[in-house]
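Novice: Below you'll find the structure I mean.
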Amino acid sequence: MAENAPTMLPKVSILLPNLNNRPFLDERMRSIQGQTFSDWELVVVDSRSTDGAWEFFREWAARDPRIHIFQTPQRGIYVNWNRCIGLARGEYVLIAPSDDTMEPDFLEQMVRALDDNPECDLAHCKLRIIDESGGPSRVLCWERLFSTRFFGEWIDRPHIRRAPHDGVLYSGVRTVYTSITQLLIRRRLFDRIGLFPTRFGPAADFEWGMRASLLASTVHVPHYLAAWRVHGKQNTDTGRLDAASQKRLFVKMVRHAFLAARRIDPRLLNGLRLNDLTVLYRKERLVATIREARRHFAPRPIPRLVRIGIGLLCLCRDPLVFLEFLRRLRDAKEFLPSLAPLRHAEALVRKYGLVDSVLPAPSGGSQKLTTKSDVRNRGGSSMEAEAWSRENAAMDSRLNETLKAIGKFPPDWHKAGTMYPALLRRVVERCHELDVKHSMETGCGLSTIVFSQLSSDHKVFAVDCGGSMTHVRQSTLLNPATVEFITGPTQLTLPRYEFQSTLQLALIDGPHGYPFPDLEYFYIYPHLEENSLLIVDDIHIPTIHNMFRFLRDDDMFDLLEVFHHTAFFRRTAAPTFPPTMDGWWLQKHNKPAE
């Protein structure tokens, strides 16, 4: 059944498949209606929802002629997606799952990227992963995924990735396109490569993504424009992806995508070997099988013959992988190191000569963090501007090399956890707006290495939790001349410490138990000078989120951005709240809403 028949051809077709997602539809529709780019149609295909969603869509369609609504029987998620694509009339297609959302300028920026790069059929943006309530997900972090980490500094720069670069990456980093919601697709791509498969279960968009990326070039837009919601009611079960049965299905999807793509364009994929693209998934399948067998036999060890039998059963058609497994019978982790996907992907990109397939986008180019005009705007002379440029160019070079090296560190570099490379790069970008002479942080890790090169005088208040201080001090990347370690619990060391200079930068990332983050803030905030940067990490943890909410309302700070679980604040010119009196009624967070 269809209502509101379409008339003129739009630039973009937004496709909204839905089944019983009424709680998220208000936010989803507002994100569509609020787009700064207005030449779109919305095609809604509802699979006979029983939660009032159809009535909700009818109300919207009655108010906006760009909205066209249809109902279809429940035949599966990808049958619904394919039905939506069949109804699309725009030059560009956005598949907008009903539980996701996007920024107001999503279409404007993504359409511009495809218009400026006609050789690309896919536009790809950075992604926020959110939970059911819209806050940062505690399950997944996009910046820590292998696909994001593989691109390193490129993830923050506009660039083009020429086919089949991303398709080869799928063989290692598991999925280059984390969610369909972060892609704008040229409509002609579906005509060329086909629709979504319907026989691979709820993760079948993996197969389409690999098929598309083997044949289509991608332009990357380095902004957080889309949000993927992870919750218990969605079709994609992230926990099930590590099961041996799912790994077996991934092998089938890789083969299906590769063979289908080779039939479409054999010359483009000439020289690629299917065995190279599936080997890591076959290894992961074996490791998952061993782990499932361990759980079955627990707490007893798995007999050697049983383990050999499992390997033979799983890999009788793959003797090379099986022989490699036999050399590592004791521990499955030794068989598949934690960074194996990244190493495998890097090796394949080099093997097939695809290193130069990633290049700056002609419309964007590389992003400069500072310019001579920045200095002039601050009242500096032309010579000072030249000196500023030379100095920052040298610092950029050192920091880029440091960040590249950090990107190769294992995720468990020390057991207490540490900041990931994309976040560190964002910290560097924010610090380029400052002249950091004096800085401090609570906690110790990769951030300490970066701050040692950013600041002339950096104080570290921390304990050697998980070997954090030991690892940092032993690292050749640390500049020890600029760092002072104040060892001990911050609850004890900060009250006793006397700062001799005001701070241009402070990071709060020490103990997270209540009330310790608040205590750290109490002893730090009086020393922050105007325009300084206050960084608060792990705001998804309730104790720290409470402090984040307070600072967000406080006159002393402007919230610059939230980068996944990390908040960046700028110290305003507001007077420092006296640390030795009350005055709670003067603080904006405590004032009743008007």
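All residue names refer to the structure tokens as shown: chains lettered A, B, ... in order, residues numbered from 1 in each chain, ligands numbered from 1 in order.
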As a list in words, list the residues of region 184-286 of chain A assigned to strand (DSSP E or B) by DSSP on the backbone atoms of this structure.
Specialist: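 DSSP-assigned strand (DSSP E or B) residues in region 184-286 of chain A: Leu184, Ile185, Arg186, Ser217, Thr218, Val219, His220, Val221, Pro222, His223, Tyr224, Leu225, Ala226, Ala227, Trp228 and Arg229 of chain A.
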Novice: Considering only C-alpha atoms, return as a PyMOL selection string whatever protein or nucleic-acid residues lie within 8 Å of region 213-230 of chain A, sequence-local ones (same chain, fewer than 3 positions apart) excluded.
Specialist: chain A and resi 99-103+105-106+109-110+113-114+117+119-132+134+137+155-168+179+181-182+189+209-210+234+258+261+265+268-269+361
Novice: Considering only C-alpha atoms, return as a list in words whatever protein or nucleic-acid residues lie within 12 Å of Asp555 (chain A), sequence-local ones (same chain, fewer than 4 positions apart) excluded.
Specialist: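 Skipping anything fewer than 4 positions along the chain leaves Phe550, Leu551, Leu559, Phe569, Arg570, Arg571, Thr572, Ala573, Ala574, Pro575, Thr576, Phe577, Leu586, Gln587, Lys588, His589 and Asn590 of chain A.
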Novice: Any idea what's packed within 8 Å of Arg174 (chain A), counting only C-alpha atoms, ignoring anything in its chain fewer than 4 positions away? Could you give it as a PDB file with N, CA and C atoms, in the first residue's frame?
Specialist:
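And here is the file that came out, part21.pdb:
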```
ATOM      1  N   PHE A 146      39.326  -1.824  14.280  1.00  0.00           N
ATOM      2  CA  PHE A 146      40.488  -2.024  13.423  1.00  0.00           C
ATOM      3  C   PHE A 146      40.414  -1.150  12.171  1.00  0.00           C
ATOM      4  N   SER A 147      39.227  -1.014  11.593  1.00  0.00           N
ATOM      5  CA  SER A 147      39.103  -0.240  10.358  1.00  0.00           C
ATOM      6  C   SER A 147      39.498   1.219  10.583  1.00  0.00           C
ATOM      7  N   LEU A 169      40.827  -4.457   2.252  1.00  0.00           N
ATOM      8  CA  LEU A 169      40.856  -4.236   3.701  1.00  0.00           C
ATOM      9  C   LEU A 169      39.845  -5.108   4.433  1.00  0.00           C
ATOM     10  N   TYR A 170      38.715  -5.382   3.812  1.00  0.00           N
ATOM     11  CA  TYR A 170      37.700  -6.212   4.454  1.00  0.00           C
ATOM     12  C   TYR A 170      38.276  -7.548   4.898  1.00  0.00           C
ATOM     13  N   PRO A 341      44.615  -8.696  12.562  1.00  0.00           N
ATOM     14  CA  PRO A 341      43.872  -8.069  11.466  1.00  0.00           C
ATOM     15  C   PRO A 341      44.602  -6.882  10.857  1.00  0.00           C
TER      16      PRO A 341
END
```
Novice: Tell me which of A:Ala481, A:Leu280, A:Ala260, A:Cys141 sits closest to Arg343 (chain A), counting only C-alpha atoms.
Specialist: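 Nearest to Arg343 (chain A): A:Leu280.
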Novice: Quick one, how far is CA of Ile535 (chain A) from CA of Pro104 (chain A)?
Specialist: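 Computing the Euclidean distance for CA of Ile535 (chain A) and CA of Pro104 (chain A) yields 25.9 Å.
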Novice: Calculate how many Å separate CA of Leu9 (chain A) from CA of Ala88 (chain A), rounding to one decimal.
Specialist: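 These two atoms are separated by 9.6 Å.
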Novice: Using only C-alpha atoms, which protein or nucleic acid residues come within 8 Å of region 48-55 of chain A? Drop anything in the same chain fewer than 5 positions from it, and give the result as a PyMOL selection string.
Specialist: chain A and resi 18-22+25+71-74
Novice: Tell me which protein, DNA and RNA residues are within 8 Å of Val254 (chain A), counting only C-alpha atoms, leaving out same-chain ones fewer than 5 positions away, and put them as a list in words.
Specialist: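 So, after excluding close chain neighbours, the residues are Ser171, Glu207, Met210, Leu277 and Thr278 of chain A.
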Novice: Rounded to one decimal place, report the CA of Phe499 (chain A)-CA of His527 (chain A) distance in Å.
Specialist: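 One can read the CA of Phe499 (chain A) to CA of His527 (chain A) distance as 7.5 Å.
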